[in-house]
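Here's the structure, in C-alpha cells; my notes come after.
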Amino acid sequence: MNKLFINLVAVCIFISMLEAKEYKVYYLGGQSNMEGLGRVEELPNDLPSAVKDVMIFHGNSAADDSPVDGRGLWSQLSPGHGDGFHTDGIRNLYTDRFGIELTFAQKIKELTPEYPIALIKYSRGATSLSEEAAGSAGCWAPDYRGCDGINQYDHFLATLRNAFSVRDIDSDGEEDVLIPAGIIWMQGESDASFTEEIAGRYEQNLKRLMDLIRAALRVDDLPVVIGLITDSGQYDDGKVWDYGEIVQKAQASYVEQDCCAALVTSTKNYSYSDPWHYDSQGFLDLGLEFAKEVVQLQKRADKKFSN
C-alpha cells in the first residue's frame, strides 16, 4: 500500500511538471524613459487593453534611504504601467501613462510564440549609476550608502525577490517556471548631466551593474539590451545633457565589449513630449526595437550553443 502511494505521488508530481507553464522573464529597468511618459489616450486602437499570456510584476518605486520596498503583485499586462504607477502589493494603482512594456511584450510574443512572457519592472526617474550624480533621485551603485544605507539596487533586489517568491504567477492553480531571458535597460541621462568625469565613468559603472543584475538573475551571459540616450536640444544652449556624447560612446563601447549585449539606436529619431522624455510614438517604437534586439541575441546564443 505504501509503495502504491509513493508511485501515485511520483506520477502526480510528474504530471504537475508537465502541466507547469514556462514563462520567459524579462527585467525592465532604468530611469524615467523606462518608467514611461507615453499617454494611454494616444495608444493605437489595435493595441489590446490587456496583453494575453503576458504577466507583469511592477515593483513599487522608492527613494534611496527609504525602507526597502519592492512590493508588487503579478497581474496581466495592461496600459497604465508608466510614470506615477504605484502598488501596495495588494492592488495596482494604474496611471494614464505607459512605457515600452506594451509593444515590447506584443513583439516578443510575435517573435517567440512558443513561450508565455513575464515582465519584472523596476525603474525610477532621474536615477544615476554614479554616486556623485545621485542627487535627491537615487543611485543604482550597490555600495552607495547615502544617509540610511538603502539605494536603488536594494529596491531592485527586493522587487526581484518578491517576484520570484510567487510560485503561481497566473493564479491558475499550477506552479509556474520562470526562466530569465533578458535585461532591458534605458538609463544614462542623469550621468550625462553633471561633469565630464562622472560621464567618463559611465561604462565601468554600467558593466558592473549589468554583471550584478545578471548574477541576481543567475545567468552569467543573459542578453542585455541598452537604449541609446539622446538629446532633445530643447535648452537655450541646444543641449539638455552637457556630456551626453560621452555616455553615448560609453554605451556603444559596452556592447562592443560584451558579445551578449546590444544597443538600440532608433532613439535618435524620436520626437519629445518635453525636453527630457520621448513622446508616445517614441515609447511604442522603443518597445518594438528592444524586443527585436533581445530576440536576435537569444538566437545568436542558441546558434552558438548548438554548434
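Each chain in the C-alpha cells gets a letter, A, B, ..., in the order shown, and its residues are numbered from 1; ligands are numbered from 1 in order too.
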Notebook entry, point to check: Residues of region 28-264 of chain A in strand (DSSP E) according to DSSP, as a PyMOL selection string?
Noted result: chain A and resi 28-30+38-39+54-58+74-76+86-87+92-93+97-98+117-123+177-186+224-227+261-264
For Leu157 (chain A), please output as a ChimeraX atom specification all residues within 12 Å (counting only C-alpha atoms; exclusion window: fewer than 2 positions along the same chain).
/A:27,29,59-60,68-71,120-123,140,142,150-155,159-164,212-217
| message | Taking 6 positions as the minimum chain separation for residues in the same chain, which residues sit within 10 Å of Ala181 (chain A) when counting only C-alpha atoms? Answer as a VMD selection string. | response | chain A and resid 23 to 27 117 to 119 217 219 222 to 224 294 to 295 298
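Shortest atom-to-atom contact with Ser75 (chain A) among A:Glu203, A:Asp170, A:Glu101, A:Glu132: A:Asp170, counting only C-alpha atoms.
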Query raised in the report: With distances taken over only C-alpha atoms, which of A:Ile184, A:Cys139, A:Leu43, A:Leu111 is nearest to Phe98 (chain A)?
Result: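 Going through A:Ile184, A:Cys139, A:Leu43, A:Leu111 one by one, the smallest distance to Phe98 (chain A) is for A:Leu43.
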Report as number ranges by chain: the residues of region 47-263 of chain A with a DSSP assignment of alpha helix (DSSP H), based on the backbone of this structure. A: 101-111, 152-164, 196-200, 202-217, 244-257
Generate the output file for the selected residues, C-alpha atoms, as an mmCIF file, in the first residue's frame.
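See part.cif below for the written result:
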data_model
loop_
_atom_site.group_PDB
_atom_site.id
_atom_site.type_symbol
_atom_site.label_atom_id
_atom_site.label_comp_id
_atom_site.auth_asym_id
_atom_site.auth_seq_id
_atom_site.Cartn_x
_atom_site.Cartn_y
_atom_site.Cartn_z
ATOM 1 C CA GLU A 101 6.222 47.242 -21.914
ATOM 2 C CA LEU A 102 3.139 47.049 -24.157
ATOM 3 C CA THR A 103 4.746 46.874 -27.590
ATOM 4 C CA PHE A 104 7.772 45.036 -26.186
ATOM 5 C CA ALA A 105 5.588 42.190 -24.942
ATOM 6 C CA GLN A 106 3.454 42.171 -28.075
ATOM 7 C CA LYS A 107 6.513 41.910 -30.336
ATOM 8 C CA ILE A 108 8.206 39.261 -28.159
ATOM 9 C CA LYS A 109 5.031 37.161 -28.376
ATOM 10 C CA GLU A 110 5.053 37.545 -32.153
ATOM 11 C CA LEU A 111 8.718 36.559 -32.475
ATOM 12 C CA GLN A 152 18.112 51.678 -5.917
ATOM 13 C CA TYR A 153 19.932 48.379 -6.272
ATOM 14 C CA ASP A 154 18.487 47.344 -2.903
ATOM 15 C CA HIS A 155 14.958 48.157 -4.108
ATOM 16 C CA PHE A 156 15.624 46.230 -7.330
ATOM 17 C CA LEU A 157 16.764 43.148 -5.390
ATOM 18 C CA ALA A 158 13.662 43.342 -3.209
ATOM 19 C CA THR A 159 11.472 43.537 -6.324
ATOM 20 C CA LEU A 160 13.225 40.517 -7.822
ATOM 21 C CA ARG A 161 12.946 38.525 -4.597
ATOM 22 C CA ASN A 162 9.250 39.297 -4.242
ATOM 23 C CA ALA A 163 8.511 38.476 -7.877
ATOM 24 C CA PHE A 164 10.300 35.109 -7.833
ATOM 25 C CA GLU A 196 32.880 65.154 -17.679
ATOM 26 C CA GLU A 197 34.477 62.923 -15.029
ATOM 27 C CA ILE A 198 31.133 61.432 -13.984
ATOM 28 C CA ALA A 199 30.167 60.767 -17.593
ATOM 29 C CA GLY A 200 33.606 59.277 -18.203
ATOM 30 C CA TYR A 202 29.684 55.502 -17.091
ATOM 31 C CA GLU A 203 30.981 52.474 -18.985
ATOM 32 C CA GLN A 204 32.641 50.867 -15.971
ATOM 33 C CA ASN A 205 29.594 51.628 -13.819
ATOM 34 C CA LEU A 206 27.261 50.174 -16.455
ATOM 35 C CA LYS A 207 29.309 46.997 -16.811
ATOM 36 C CA ARG A 208 29.398 46.475 -13.081
ATOM 37 C CA LEU A 209 25.657 46.937 -12.665
ATOM 38 C CA MET A 210 24.727 44.696 -15.614
ATOM 39 C CA ASP A 211 27.036 41.977 -14.269
ATOM 40 C CA LEU A 212 25.360 42.246 -10.870
ATOM 41 C CA ILE A 213 21.858 42.113 -12.363
ATOM 42 C CA ARG A 214 22.877 39.056 -14.378
ATOM 43 C CA ALA A 215 24.199 37.487 -11.186
ATOM 44 C CA ALA A 216 20.951 38.290 -9.360
ATOM 45 C CA LEU A 217 19.065 36.502 -12.160
ATOM 46 C CA GLY A 244 25.638 63.133 -23.463
ATOM 47 C CA GLU A 245 28.130 62.250 -26.190
ATOM 48 C CA ILE A 246 30.470 60.722 -23.604
ATOM 49 C CA VAL A 247 27.714 58.498 -22.213
ATOM 50 C CA GLN A 248 26.619 57.557 -25.731
ATOM 51 C CA LYS A 249 30.164 56.429 -26.563
ATOM 52 C CA ALA A 250 30.289 54.516 -23.281
ATOM 53 C CA GLN A 251 27.067 52.693 -24.132
ATOM 54 C CA ALA A 252 28.380 51.775 -27.590
ATOM 55 C CA SER A 253 31.695 50.634 -26.142
ATOM 56 C CA TYR A 254 29.966 48.466 -23.555
ATOM 57 C CA VAL A 255 28.004 46.494 -26.149
ATOM 58 C CA GLU A 256 31.102 46.163 -28.342
ATOM 59 C CA GLN A 257 32.937 44.530 -25.455
#
Can you check which parts of region 129-239 of chain A lie within 8 Å of region 266-286 of chain A? Per residue, the shortest pair of atoms and distance in Å to one decimal, counting only C-alpha atoms, sorted by chain and number, as JSON lines.
{"residue": "A:Gly227", "atom": "CA", "partner": "A:Thr267", "partner_atom": "CA", "distance": 7.4}
{"residue": "A:Leu228", "atom": "CA", "partner": "A:Thr267", "partner_atom": "CA", "distance": 6.4}
{"residue": "A:Ile229", "atom": "CA", "partner": "A:Thr267", "partner_atom": "CA", "distance": 7.1}
{"residue": "A:Thr230", "atom": "CA", "partner": "A:Lys268", "partner_atom": "CA", "distance": 6.0}
{"residue": "A:Asp231", "atom": "CA", "partner": "A:Trp276", "partner_atom": "CA", "distance": 7.6}
{"residue": "A:Ser232", "atom": "CA", "partner": "A:Pro275", "partner_atom": "CA", "distance": 5.6}
{"residue": "A:Gly233", "atom": "CA", "partner": "A:Pro275", "partner_atom": "CA", "distance": 7.2}
{"residue": "A:Gln234", "atom": "CA", "partner": "A:Pro275", "partner_atom": "CA", "distance": 5.3}
{"residue": "A:Tyr235", "atom": "CA", "partner": "A:Pro275", "partner_atom": "CA", "distance": 7.4}
Preceding selection exported with N, CA and C atoms as a PDB file, in the first residue's frame:
ATOM      1  N   GLY A 227      19.290  51.042 -24.294  1.00  0.00           N
ATOM      2  CA  GLY A 227      18.743  52.086 -25.145  1.00  0.00           C
ATOM      3  C   GLY A 227      19.677  53.285 -25.175  1.00  0.00           C
ATOM      4  N   LEU A 228      20.045  53.720 -26.363  1.00  0.00           N
ATOM      5  CA  LEU A 228      20.934  54.880 -26.511  1.00  0.00           C
ATOM      6  C   LEU A 228      20.248  56.141 -26.005  1.00  0.00           C
ATOM      7  N   ILE A 229      20.903  56.875 -25.094  1.00  0.00           N
ATOM      8  CA  ILE A 229      20.326  58.147 -24.651  1.00  0.00           C
ATOM      9  C   ILE A 229      20.464  59.163 -25.778  1.00  0.00           C
ATOM     10  N   THR A 230      19.540  60.099 -25.844  1.00  0.00           N
ATOM     11  CA  THR A 230      19.569  61.128 -26.876  1.00  0.00           C
ATOM     12  C   THR A 230      19.225  62.479 -26.263  1.00  0.00           C
ATOM     13  N   ASP A 231      19.378  63.517 -27.047  1.00  0.00           N
ATOM     14  CA  ASP A 231      19.192  64.880 -26.547  1.00  0.00           C
ATOM     15  C   ASP A 231      18.145  65.590 -27.393  1.00  0.00           C
ATOM     16  N   SER A 232      17.143  66.156 -26.751  1.00  0.00           N
ATOM     17  CA  SER A 232      16.099  66.872 -27.480  1.00  0.00           C
ATOM     18  C   SER A 232      16.583  68.209 -28.014  1.00  0.00           C
ATOM     19  N   GLY A 233      17.656  68.745 -27.405  1.00  0.00           N
ATOM     20  CA  GLY A 233      18.162  70.048 -27.813  1.00  0.00           C
ATOM     21  C   GLY A 233      17.274  71.206 -27.402  1.00  0.00           C
ATOM     22  N   GLN A 234      16.372  70.972 -26.459  1.00  0.00           N
ATOM     23  CA  GLN A 234      15.376  71.980 -26.110  1.00  0.00           C
ATOM     24  C   GLN A 234      15.798  72.926 -24.990  1.00  0.00           C
ATOM     25  N   TYR A 235      17.085  73.028 -24.735  1.00  0.00           N
ATOM     26  CA  TYR A 235      17.596  74.055 -23.827  1.00  0.00           C
ATOM     27  C   TYR A 235      18.155  75.206 -24.649  1.00  0.00           C
TER      28      TYR A 235
END
Residue with the minimum atom-to-atom distance to Asp64 (chain A), picked from A:Leu28, A:Leu93, A:Ala134, A:Leu129 with only C-alpha atoms counted, is A:Ala134
With distances taken over only C-alpha atoms, the candidate from A:Asp168, A:Glu41, A:Asp53, A:Glu35 nearest Leu73 (chain A) is A:Asp168
Shortest contact to Glu131 (chain A), candidates A:Asn92, A:Gln76, A:Ser190, A:Thr112, atoms counted only C-alpha atoms, goes to A:Ser190
Counting only C-alpha atoms, the residue among A:Lys239, A:His86, A:Lys292, A:Arg201 that lies closest to Arg124 (chain A) is A:His86
Can you pull out the residues contacting Val51 (chain A)? Cut-off 7 Å, using only C-alpha atoms, and skip same-chain residues under 2 positions away; I want them as an MDAnalysis selection string. chainID A and resid 48:49 53:54 76:78
